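Text of upload-v8.cif, listed as mmCIF, C-alpha atoms and all ligand atoms:
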data_upload
#
loop_
_atom_site.label_atom_id
_atom_site.label_comp_id
_atom_site.auth_asym_id
_atom_site.auth_seq_id
_atom_site.Cartn_x
_atom_site.Cartn_y
_atom_site.Cartn_z
CA MET J 123 -37.78 -111.27 -118.15
CA LYS J 124 -38.26 -110.94 -121.93
CA GLN J 125 -35.66 -109.02 -123.87
CA LYS J 126 -35.44 -108.84 -127.64
CA LEU J 127 -32.21 -106.93 -127.87
CA ARG J 128 -29.20 -108.39 -126.13
CA PRO J 129 -25.96 -106.90 -127.47
CA ARG J 130 -24.07 -109.18 -125.08
CA ARG J 131 -24.92 -112.14 -127.39
CA MET J 132 -22.39 -110.76 -129.85
CA ARG J 133 -19.71 -110.61 -127.15
CA ILE J 134 -20.00 -114.19 -125.96
CA SER J 135 -16.74 -115.55 -127.36
CA GLU J 136 -13.52 -114.25 -128.87
CA ASN J 137 -14.43 -115.70 -132.27
CA ILE J 138 -17.78 -113.95 -132.35
CA ARG J 139 -16.19 -110.74 -131.16
CA SER J 140 -13.56 -111.01 -133.85
CA MET J 141 -16.21 -111.61 -136.54
CA ILE J 142 -17.99 -108.36 -135.79
CA ARG J 143 -14.92 -106.31 -134.92
CA GLU J 144 -15.16 -103.01 -136.78
CA ASN J 145 -11.51 -102.02 -136.74
CA ASN J 146 -8.36 -104.09 -136.68
CA LEU J 147 -4.85 -102.95 -136.04
CA SER J 148 -2.36 -104.43 -138.49
CA THR J 149 1.41 -104.29 -138.84
CA LYS J 150 0.69 -102.80 -142.28
CA ASP J 151 -0.72 -99.66 -140.65
CA LEU J 152 2.57 -98.75 -139.02
CA ILE J 153 5.51 -96.46 -139.64
CA TYR J 154 8.47 -96.67 -137.26
CA PRO J 155 10.46 -93.44 -136.67
CA ILE J 156 14.23 -93.59 -136.26
CA PHE J 157 16.86 -91.01 -135.29
CA VAL J 158 20.13 -91.17 -137.20
CA VAL J 159 23.44 -89.62 -136.18
CA ALA J 160 26.96 -89.41 -137.60
CA GLY J 161 29.59 -91.98 -136.67
CA GLU J 162 29.69 -95.74 -136.57
CA LYS J 163 28.36 -98.48 -134.30
CA ILE J 164 26.38 -95.95 -132.31
CA LYS J 165 23.28 -97.03 -130.42
CA ASP J 166 22.57 -94.59 -127.59
CA GLU J 167 19.27 -94.76 -125.78
CA ILE J 168 17.27 -91.52 -125.59
CA LYS J 169 16.64 -90.87 -121.91
CA SER J 170 13.03 -89.72 -122.07
CA MET J 171 12.15 -92.37 -124.68
CA PRO J 172 13.06 -95.83 -123.34
CA ASN J 173 14.04 -98.30 -126.06
CA VAL J 174 14.38 -95.56 -128.70
CA TYR J 175 17.93 -94.89 -129.85
CA HIS J 176 20.24 -92.53 -131.65
CA LEU J 177 21.61 -94.78 -134.39
CA SER J 178 24.55 -94.39 -136.70
CA VAL J 179 23.78 -95.24 -140.32
CA ASP J 180 25.17 -98.82 -140.08
CA ASN J 181 22.92 -99.56 -137.10
CA ALA J 182 19.97 -97.77 -138.72
CA VAL J 183 20.22 -100.25 -141.59
CA GLU J 184 20.17 -103.15 -139.12
CA VAL J 185 17.08 -101.73 -137.41
CA ALA J 186 15.44 -101.18 -140.81
CA LYS J 187 15.99 -104.87 -141.60
CA LYS J 188 14.24 -105.80 -138.35
CA ILE J 189 11.38 -103.44 -139.17
CA ALA J 190 10.92 -105.10 -142.57
CA ASP J 191 11.20 -108.60 -141.06
CA LEU J 192 8.41 -107.76 -138.62
CA GLY J 193 6.15 -106.89 -141.55
CA ILE J 194 6.16 -103.14 -140.92
CA PRO J 195 6.06 -101.49 -144.36
CA SER J 196 7.70 -98.17 -143.59
CA VAL J 197 10.26 -96.17 -141.62
CA GLU J 198 10.45 -92.41 -141.05
CA ILE J 199 13.90 -90.89 -140.79
CA PHE J 200 14.89 -88.03 -138.51
CA GLY J 201 18.45 -86.87 -138.19
CA LEU J 202 20.91 -85.01 -136.07
CA PRO J 203 23.36 -83.13 -138.28
CA THR J 204 27.07 -82.63 -137.63
CA TYR J 205 26.79 -78.86 -138.05
CA LYS J 206 24.12 -76.18 -137.70
CA ASP J 207 23.86 -72.72 -139.21
CA GLU J 208 21.35 -69.85 -139.54
CA ILE J 209 19.49 -71.41 -142.47
CA GLY J 210 19.87 -75.11 -141.64
CA SER J 211 21.92 -76.00 -144.71
CA SER J 212 22.96 -79.39 -143.31
CA ALA J 213 19.32 -80.40 -143.91
CA TRP J 214 20.04 -80.71 -147.64
CA ASP J 215 23.68 -81.83 -147.40
CA MET J 216 23.95 -85.18 -149.23
CA ASN J 217 26.59 -86.25 -146.67
CA SER J 218 24.34 -85.66 -143.68
CA PRO J 219 23.22 -88.69 -141.65
CA VAL J 220 19.62 -88.49 -142.99
CA GLN J 221 20.59 -88.56 -146.67
CA ARG J 222 23.18 -91.29 -146.06
CA ALA J 223 20.69 -93.38 -144.06
CA ILE J 224 18.06 -93.03 -146.79
CA SER J 225 20.48 -94.26 -149.47
CA ALA J 226 21.82 -97.09 -147.34
CA ILE J 227 18.38 -98.36 -146.32
CA LYS J 228 17.05 -98.09 -149.89
CA LYS J 229 20.04 -100.07 -151.16
CA ASN J 230 19.75 -102.84 -148.55
CA ILE J 231 15.95 -103.09 -148.18
CA PRO J 232 14.49 -101.64 -151.37
CA GLU J 233 10.90 -102.61 -150.55
CA LEU J 234 10.80 -100.66 -147.28
CA VAL J 235 8.89 -97.38 -147.80
CA ILE J 236 11.14 -94.58 -146.61
CA VAL J 237 9.61 -91.36 -145.29
CA GLY J 238 11.85 -88.33 -144.84
CA ASP J 239 10.93 -85.64 -142.31
CA VAL J 240 11.33 -82.31 -144.07
CA CYS J 241 12.02 -79.55 -141.57
CA LEU J 242 14.79 -77.23 -140.47
CA CYS J 243 14.57 -77.04 -136.66
CA GLN J 244 17.18 -79.77 -136.06
CA TYR J 245 19.54 -78.02 -138.46
CA THR J 246 19.31 -74.34 -137.52
CA THR J 247 21.35 -72.73 -134.74
CA HIS J 248 18.21 -70.97 -133.46
CA GLY J 249 16.08 -74.12 -133.52
CA HIS J 250 13.19 -72.65 -135.51
CA CYS J 251 11.64 -74.42 -138.50
CA GLY J 252 12.62 -71.76 -141.03
CA LYS J 253 14.71 -68.76 -141.95
CA ILE J 254 14.62 -65.96 -139.38
CA ILE J 255 14.29 -62.38 -140.50
CA ASP J 256 13.82 -59.78 -137.74
CA HIS J 257 12.94 -62.42 -135.15
CA TYR J 258 10.19 -63.78 -137.41
CA VAL J 259 10.24 -67.04 -139.34
CA ASP J 260 9.93 -65.75 -142.89
CA ASN J 261 7.43 -67.92 -144.72
CA ASP J 262 8.30 -67.55 -148.37
CA GLN J 263 12.08 -67.58 -148.00
CA THR J 264 11.73 -70.74 -145.93
CA LEU J 265 9.86 -72.43 -148.79
CA GLU J 266 12.96 -72.26 -150.97
CA LEU J 267 14.98 -74.05 -148.29
CA LEU J 268 12.33 -76.73 -147.79
CA GLN J 269 12.39 -77.38 -151.54
CA LYS J 270 16.11 -78.10 -151.28
CA VAL J 271 15.58 -80.49 -148.36
CA ALA J 272 12.84 -82.40 -150.19
CA VAL J 273 14.85 -82.68 -153.41
CA SER J 274 17.97 -83.84 -151.54
CA GLN J 275 15.97 -86.58 -149.82
CA ALA J 276 14.42 -87.58 -153.14
CA LYS J 277 17.91 -87.82 -154.66
CA ALA J 278 18.94 -90.03 -151.75
CA GLY J 279 16.04 -92.37 -152.52
CA VAL J 280 13.13 -91.45 -150.30
CA ASP J 281 9.61 -92.64 -151.28
CA ILE J 282 7.66 -90.04 -149.33
CA VAL J 283 8.60 -86.60 -148.04
CA ALA J 284 6.83 -85.38 -144.92
CA PRO J 285 7.02 -81.62 -144.40
CA SER J 286 6.59 -80.83 -140.69
CA ASP J 287 7.49 -77.14 -140.68
CA MET J 288 3.94 -75.67 -140.95
CA MET J 289 4.86 -72.91 -143.41
CA ASP J 290 2.04 -71.78 -145.70
CA GLY J 291 2.30 -73.05 -149.26
CA ARG J 292 5.00 -75.63 -148.62
CA VAL J 293 3.15 -78.57 -150.13
CA LEU J 294 2.79 -76.83 -153.48
CA ALA J 295 6.35 -75.51 -153.34
CA ILE J 296 7.72 -78.99 -152.62
CA ARG J 297 5.51 -80.62 -155.30
CA GLU J 298 6.79 -78.17 -157.89
CA ALA J 299 10.42 -78.68 -156.91
CA LEU J 300 10.09 -82.48 -156.98
CA ASP J 301 8.30 -82.49 -160.34
CA GLU J 302 10.81 -80.14 -161.85
CA LYS J 303 13.55 -82.65 -160.98
CA ASN J 304 11.41 -85.51 -162.32
CA PHE J 305 10.59 -87.02 -158.93
CA VAL J 306 6.94 -87.30 -159.91
CA ASN J 307 6.48 -90.52 -157.94
CA VAL J 308 7.82 -89.20 -154.65
CA SER J 309 4.69 -88.64 -152.54
CA ILE J 310 3.99 -85.92 -150.03
CA MET J 311 2.67 -86.82 -146.60
CA SER J 312 1.87 -83.42 -145.21
CA TYR J 313 1.86 -82.70 -141.48
CA ALA J 314 -1.26 -80.75 -142.42
CA VAL J 315 -2.66 -80.46 -138.93
CA LYS J 316 0.22 -80.00 -136.56
CA TYR J 317 -0.56 -78.44 -133.22
CA SER J 318 1.82 -76.46 -131.04
CA SER J 319 2.01 -79.19 -128.45
CA GLY J 320 3.74 -79.96 -125.18
CA PHE J 321 3.70 -83.59 -126.27
CA TYR J 322 6.78 -83.02 -128.47
CA GLY J 323 9.03 -82.50 -125.42
CA PRO J 324 10.98 -85.77 -125.50
CA PHE J 325 11.44 -85.52 -129.28
CA ARG J 326 13.04 -82.09 -128.92
CA ASP J 327 15.51 -83.55 -126.43
CA ALA J 328 16.18 -86.43 -128.80
CA ALA J 329 16.54 -84.25 -131.88
CA ASP J 330 18.14 -81.25 -130.14
CA SER J 331 15.55 -79.09 -131.88
CA SER J 332 14.06 -76.78 -129.22
CA PRO J 333 13.76 -73.16 -130.31
CA LYS J 334 16.46 -71.04 -128.65
CA PHE J 335 14.05 -68.09 -128.34
CA GLY J 336 10.29 -67.88 -128.35
CA ASP J 337 8.14 -70.83 -129.33
CA ARG J 338 6.47 -72.28 -132.43
CA LYS J 339 3.04 -70.73 -131.92
CA GLN J 340 3.36 -68.43 -134.91
CA TYR J 341 3.40 -71.43 -137.23
CA GLN J 342 2.09 -74.51 -135.39
CA MET J 343 -1.61 -74.59 -134.55
CA ASP J 344 -3.46 -73.64 -131.39
CA PRO J 345 -4.68 -76.84 -129.62
CA ALA J 346 -8.03 -75.15 -129.02
CA ASN J 347 -8.95 -75.05 -132.72
CA VAL J 348 -10.86 -77.46 -134.90
CA ARG J 349 -12.28 -75.35 -137.75
CA GLU J 350 -8.77 -74.18 -138.49
CA ALA J 351 -7.71 -77.83 -138.82
CA MET J 352 -10.32 -78.39 -141.50
CA LYS J 353 -8.97 -75.37 -143.38
CA GLU J 354 -5.38 -76.65 -143.16
CA VAL J 355 -6.47 -80.00 -144.58
CA GLU J 356 -8.35 -78.35 -147.44
CA ILE J 357 -5.38 -76.17 -148.34
CA ASP J 358 -2.88 -79.05 -148.29
CA LEU J 359 -5.08 -81.31 -150.41
CA ASP J 360 -5.55 -78.48 -152.84
CA GLU J 361 -1.77 -78.02 -153.02
CA GLY J 362 -1.27 -81.70 -153.86
CA ALA J 363 -0.73 -83.56 -150.58
CA ASP J 364 -1.08 -87.34 -151.06
CA ILE J 365 -1.51 -88.19 -147.37
CA ILE J 366 -2.82 -85.89 -144.64
CA MET J 367 -1.24 -86.19 -141.21
CA ILE J 368 -2.67 -85.13 -137.88
CA LYS J 369 -0.37 -84.65 -134.93
CA PRO J 370 -0.32 -85.35 -131.99
CA ALA J 371 -2.71 -88.31 -131.93
CA MET J 372 -4.13 -89.30 -128.54
CA ALA J 373 -5.62 -86.00 -127.40
CA TYR J 374 -6.60 -85.11 -130.97
CA LEU J 375 -8.74 -88.03 -132.14
CA ASP J 376 -11.78 -85.78 -132.48
CA ILE J 377 -9.86 -83.97 -135.21
CA VAL J 378 -9.02 -87.28 -136.91
CA SER J 379 -12.66 -88.30 -136.88
CA LYS J 380 -13.86 -84.96 -138.27
CA VAL J 381 -11.25 -85.00 -141.04
CA ARG J 382 -12.18 -88.63 -141.85
CA GLU J 383 -15.80 -87.60 -142.42
CA LYS J 384 -14.74 -84.83 -144.75
CA ILE J 385 -12.06 -86.29 -147.05
CA ASN J 386 -11.43 -89.33 -149.21
CA ARG J 387 -7.67 -89.30 -148.98
CA PRO J 388 -5.43 -91.35 -146.67
CA ILE J 389 -4.99 -90.06 -143.12
CA ALA J 390 -1.94 -90.60 -140.95
CA VAL J 391 -1.61 -89.84 -137.25
CA TYR J 392 1.61 -89.24 -135.37
CA ASN J 393 1.60 -90.94 -131.97
CA VAL J 394 4.25 -88.54 -130.68
CA SER J 395 7.14 -88.74 -128.25
CA GLY J 396 5.30 -87.39 -125.19
CA GLU J 397 2.49 -89.89 -125.68
CA TYR J 398 5.07 -92.66 -125.88
CA ALA J 399 6.97 -91.39 -122.82
CA MET J 400 3.82 -91.27 -120.67
CA ILE J 401 2.89 -94.87 -121.41
CA LYS J 402 6.48 -96.09 -120.98
CA ALA J 403 6.83 -94.27 -117.65
CA ALA J 404 3.58 -95.62 -116.24
CA ALA J 405 4.43 -99.11 -117.47
CA ALA J 406 7.92 -98.96 -115.94
CA ASN J 407 6.29 -98.18 -112.61
CA GLY J 408 4.01 -101.17 -112.96
CA TRP J 409 0.96 -98.89 -112.95
CA ILE J 410 -0.48 -100.01 -116.30
CA ASP J 411 -0.39 -103.05 -118.56
CA GLU J 412 1.81 -101.72 -121.38
CA LYS J 413 0.84 -104.21 -124.09
CA ARG J 414 -2.86 -103.85 -123.45
CA ILE J 415 -2.79 -100.05 -123.27
CA VAL J 416 -0.65 -99.66 -126.39
CA LEU J 417 -2.81 -101.99 -128.49
CA GLU J 418 -5.96 -100.28 -127.22
CA THR J 419 -4.56 -96.80 -127.92
CA LEU J 420 -3.49 -97.61 -131.48
CA THR J 421 -6.72 -99.48 -132.25
CA CYS J 422 -8.63 -96.37 -131.16
CA MET J 423 -6.58 -94.32 -133.62
CA LYS J 424 -7.84 -96.66 -136.37
CA ARG J 425 -11.38 -96.32 -135.05
CA ALA J 426 -11.12 -92.54 -135.19
CA GLY J 427 -10.26 -92.85 -138.88
CA ALA J 428 -6.50 -93.15 -139.26
CA ASP J 429 -5.13 -95.37 -142.04
CA ILE J 430 -1.50 -94.96 -141.01
CA ILE J 431 0.03 -94.70 -137.53
CA ILE J 432 3.52 -93.35 -136.97
CA SER J 433 4.58 -94.71 -133.61
CA TYR J 434 7.63 -95.45 -131.49
CA HIS J 435 5.63 -98.46 -130.27
CA ALA J 436 5.53 -99.90 -133.81
CA MET J 437 8.15 -102.64 -133.34
CA ASP J 438 6.55 -103.84 -130.08
CA VAL J 439 3.10 -103.72 -131.64
CA ALA J 440 4.25 -105.77 -134.62
CA LYS J 441 5.78 -108.38 -132.30
CA TRP J 442 2.57 -108.58 -130.26
CA ILE J 443 0.39 -108.85 -133.39
CA ASN J 444 2.67 -111.48 -134.95
CA ASP J 445 2.52 -113.63 -131.80
C1 LIG D 501 10.07 -81.27 -136.44
C2 LIG D 501 9.26 -82.33 -135.81
C3 LIG D 501 8.80 -82.43 -134.47
C4 LIG D 501 8.21 -83.68 -134.36
C5 LIG D 501 8.27 -84.29 -135.60
N1 LIG D 501 8.91 -83.43 -136.49
C6 LIG D 501 8.98 -81.55 -133.30
C7 LIG D 501 8.47 -80.17 -133.27
O1 LIG D 501 7.69 -79.73 -134.10
O2 LIG D 501 8.92 -79.49 -132.36
C8 LIG D 501 7.63 -84.26 -133.10
C9 LIG D 501 7.60 -85.74 -133.04
C10 LIG D 501 7.42 -86.31 -131.69
O3 LIG D 501 7.21 -85.61 -130.69
O4 LIG D 501 7.50 -87.55 -131.59
N2 LIG D 501 9.47 -80.08 -136.69
#
Re-express the file's structure as structure tokens.
Amino acid sequence: MKQKLRPRRMRISENIRSMIRENNLSTKDLIYPIFVVAGEKIKDEIKSMPNVYHLSVDNAVEVAKKIADLGIPSVEIFGLPTYKDEIGSSAWDMNSPVQRAISAIKKNIPELVIVGDVCLCQYTTHGHCGKIIDHYVDNDQTLELLQKVAVSQAKAGVDIVAPSDMMDGRVLAIREALDEKNFVNVSIMSYAVKYSSGFYGPFRDAADSSPKFGDRKQYQMDPANVREAMKEVEIDLDEGADIIMIKPAMAYLDIVSKVREKINRPIAVYNVSGEYAMIKAAAANGWIDEKRIVLETLTCMKRAGADIIISYHAMDVAKWIND
């Protein structure tokens, strides 16, 4: 049997495979999300997210040190405030856990890139991502609040702000507010393409951020849409976004790939809580090989076109890669 083309030749050994490998997952691709709370010495596991914890600021600093030691360049900070109100004012309170964690981590591990999630849903009594007027999240009045959140995080020492609210015009509004206060080198990683997804379920338990009425479909995107995603990306780049994020990741890699073909800017994906919970649950039952599935999943995110992966698996992945 004569055959000229035998692709299997290039799969014959691990070294050959590694020489022609098109995409490699690196610890440098990762951002590890953490949840900070008030108090001291707190480390409470989140039930639907095994091995992910609510951390008080002192413990958040310890975890941040581990993140840096593993070679992960960045951490994203989410917080649970001590009080909530109609407009979410604890989101820009310099004494809130998020602002305190940002300052403490920056002081102790200055090289770690700190990303701040800019949103209001954890901070409002109604659990929506903006200011409610007549049962509707008012877009333009919300922008003013988001500007305050971004500036407060910049004051605390954040390197990147990541608006996840999905209001129209928020990237430009935040850019203007940051520049006006001379934070010209604080970048914006925009959750440009954020779908209204069931995959955020465990996060909403963890962050106590479920809407108390209705849902987020009037601002987050319909999972059925792709052209609309391209429009969102275009708008956010035009408004000055430095990094474009797509979220969730696993079921949305077609979007990542399409955006990759279109733009020359960095792309991040958010491997969200529900994606994490599914893998952890199957692994806990012994149904899948966790290490193999996680490495495969994140490598495929790179293949689709992501430069940056925000993932609750990040610490495990770094350990596996470093071994
Ligand atoms: C806040 C926010 C959410 C997530 C990140 N920022 C939840 C939501 O929009 O309801 C989800 C992250 C995850 O599921 O891991 N708006």
Shell of 12 Å around Ile282 of chain J, only C-alpha atoms, local chain residues under 5 positions omitted, as a short mmCIF file (atom, residue, chain, number, x, y, z; two decimals) with C-alpha atoms, in the frame of the given file:
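Once everything was written out, this is part06.cif:
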data_model
loop_
_atom_site.label_atom_id
_atom_site.label_comp_id
_atom_site.auth_asym_id
_atom_site.auth_seq_id
_atom_site.Cartn_x
_atom_site.Cartn_y
_atom_site.Cartn_z
CA ILE J 153 5.51 -96.46 -139.64
CA SER J 196 7.70 -98.17 -143.59
CA VAL J 197 10.26 -96.17 -141.62
CA GLU J 198 10.45 -92.41 -141.05
CA ILE J 199 13.90 -90.89 -140.79
CA ILE J 224 18.06 -93.03 -146.79
CA LEU J 234 10.80 -100.66 -147.28
CA VAL J 235 8.89 -97.38 -147.80
CA ILE J 236 11.14 -94.58 -146.61
CA VAL J 237 9.61 -91.36 -145.29
CA GLY J 238 11.85 -88.33 -144.84
CA ASP J 239 10.93 -85.64 -142.31
CA VAL J 240 11.33 -82.31 -144.07
CA ALA J 272 12.84 -82.40 -150.19
CA VAL J 273 14.85 -82.68 -153.41
CA GLN J 275 15.97 -86.58 -149.82
CA ALA J 276 14.42 -87.58 -153.14
CA LYS J 277 17.91 -87.82 -154.66
CA ILE J 296 7.72 -78.99 -152.62
CA ARG J 297 5.51 -80.62 -155.30
CA LEU J 300 10.09 -82.48 -156.98
CA PHE J 305 10.59 -87.02 -158.93
CA VAL J 306 6.94 -87.30 -159.91
CA ASN J 307 6.48 -90.52 -157.94
CA VAL J 308 7.82 -89.20 -154.65
CA SER J 309 4.69 -88.64 -152.54
CA ILE J 310 3.99 -85.92 -150.03
CA MET J 311 2.67 -86.82 -146.60
CA SER J 312 1.87 -83.42 -145.21
CA ALA J 363 -0.73 -83.56 -150.58
CA ASP J 364 -1.08 -87.34 -151.06
CA ILE J 365 -1.51 -88.19 -147.37
#
>> At a cut-off of 7 Å and counting only C-alpha atoms and all ligand atoms, what residues surround ligand LIG 501 (chain D)? Please answer as a ChimeraX atom specification.
In response: /J:239,241,243,251,286-287,321-326,331-332,393-396
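Interatomic distance, atom CA of Glu167 of chain J against atom CA of Val416 of chain J: 20.5 Å.
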>> Please list as a PyMOL selection string every residue within 12 Å of Arg143 of chain J, counting only C-alpha atoms and excluding residues in the same chain fewer than 6 positions away.
In response: chain J and resi 132-133+136-137+421+425
> What is the atom CA of Leu192 of chain J-atom CA of His435 of chain J distance in Å, reported with one decimal?
Replying inline: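 Separation of atom CA of Leu192 of chain J and atom CA of His435 of chain J: 12.8 Å.
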>> At a cut-off of 6 Å, using only C-alpha atoms, what residues contact segment 209-219 of chain J? Leave out same-chain residues fewer than 5 positions from it and give the result as a ChimeraX atom specification.
In response: /J:158-160,242,245-246,253,270-271,274
>> Could you check which residues have any atom within 12 Å of (-10.2, -77.9, -136.5), counting all atoms listed in the file with coordinates taken straight from the file, and then list them as a ChimeraX atom specification?
In response: /J:314-317,343-356,368,374-381,384
> atom CA of Tyr205 of chain J to atom CA of Leu265 of chain J: how many Å, to one decimal?
Replying inline: 21.1 Å
>> Measuring between all atoms listed in the file, which one of J:Asp180, J:Thr264, J:Ala186, J:Gly252 shows the shortest distance to Pro232 of chain J?
In response: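 Looking only at the distances to Pro232 of chain J, the closest residue turns out to be J:Ala186.
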> Which residue gives the smallest distance to His250 of chain J among J:Lys413, J:Lys339, J:Lys150, J:Arg131, with only C-alpha atoms counted?
Replying inline: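 Closest candidate: J:Lys339.
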>> Restricting the calculation to only C-alpha atoms: of J:Glu412, J:Asp429, J:Asp290, J:Asp207, which residue gets closest to Tyr341 of chain J?
In response: J:Asp290
> Counting all atoms listed in the file, which residues come within 9 Å of (17.2, -92.3, -128.5), with the point read in the file's coordinates, and could you list them as a ChimeraX atom specification?
Replying inline: /J:156-157,165-177,325,328-329
>> Taking all atoms listed in the file into account, name the residue in J:Met288, J:Ile189, J:Leu127, J:Ile366 that is nearest to Ile385 of chain J.
In response: J:Ile366
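Take the candidates J:Gly291, J:Met372, J:Asn304, J:Pro155 and check each one against Asp360 of chain J using only C-alpha atoms; the shortest distance goes to J:Gly291.
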> Of the candidates J:Glu383, J:Asp358, J:Asp191, J:Glu397, which one gets nearest to Asn444 of chain J if we count all atoms listed in the file?
Replying inline: J:Asp191
Since the input is missing atoms, can you rebuild N, CA and C atoms for segment 371-387 of chain J and write them as a CSV table (one decimal), in the frame of the given file?
chain,number,residue,atom,x,y,z
J,371,ALA,N,-1.6,-87.4,-131.7
J,371,ALA,CA,-2.7,-88.3,-131.9
J,371,ALA,C,-3.7,-88.4,-130.8
J,372,MET,N,-3.2,-88.9,-129.6
J,372,MET,CA,-4.1,-89.3,-128.5
J,372,MET,C,-5.1,-88.3,-128.1
J,373,ALA,N,-4.7,-87.0,-127.9
J,373,ALA,CA,-5.6,-86.0,-127.4
J,373,ALA,C,-6.3,-85.3,-128.6
J,374,TYR,N,-6.1,-85.8,-129.8
J,374,TYR,CA,-6.6,-85.1,-131.0
J,374,TYR,C,-7.4,-86.0,-131.9
J,375,LEU,N,-8.0,-87.1,-131.3
J,375,LEU,CA,-8.7,-88.0,-132.1
J,375,LEU,C,-10.1,-87.5,-132.6
J,376,ASP,N,-10.6,-86.4,-132.0
J,376,ASP,CA,-11.8,-85.8,-132.5
J,376,ASP,C,-11.5,-85.1,-133.8
J,377,ILE,N,-10.3,-84.6,-133.9
J,377,ILE,CA,-9.9,-84.0,-135.2
J,377,ILE,C,-9.8,-85.1,-136.3
J,378,VAL,N,-9.2,-86.2,-135.9
J,378,VAL,CA,-9.0,-87.3,-136.9
J,378,VAL,C,-10.4,-87.7,-137.4
J,379,SER,N,-11.3,-87.8,-136.5
J,379,SER,CA,-12.7,-88.3,-136.9
J,379,SER,C,-13.4,-87.3,-137.8
J,380,LYS,N,-13.2,-86.0,-137.4
J,380,LYS,CA,-13.9,-85.0,-138.3
J,380,LYS,C,-13.2,-84.9,-139.7
J,381,VAL,N,-11.9,-85.0,-139.7
J,381,VAL,CA,-11.2,-85.0,-141.0
J,381,VAL,C,-11.7,-86.2,-141.9
J,382,ARG,N,-11.8,-87.4,-141.2
J,382,ARG,CA,-12.2,-88.6,-141.8
J,382,ARG,C,-13.5,-88.5,-142.5
J,383,GLU,N,-14.5,-87.8,-141.8
J,383,GLU,CA,-15.8,-87.6,-142.4
J,383,GLU,C,-15.8,-86.7,-143.6
J,384,LYS,N,-14.8,-85.9,-143.7
J,384,LYS,CA,-14.7,-84.8,-144.8
J,384,LYS,C,-14.0,-85.2,-146.0
J,385,ILE,N,-12.9,-86.1,-145.9
J,385,ILE,CA,-12.1,-86.3,-147.0
J,385,ILE,C,-12.0,-87.8,-147.5
J,386,ASN,N,-11.6,-88.0,-148.7
J,386,ASN,CA,-11.4,-89.3,-149.2
J,386,ASN,C,-10.0,-89.7,-149.4
J,387,ARG,N,-9.1,-89.0,-148.8
J,387,ARG,CA,-7.7,-89.3,-149.0
J,387,ARG,C,-7.1,-90.0,-147.7
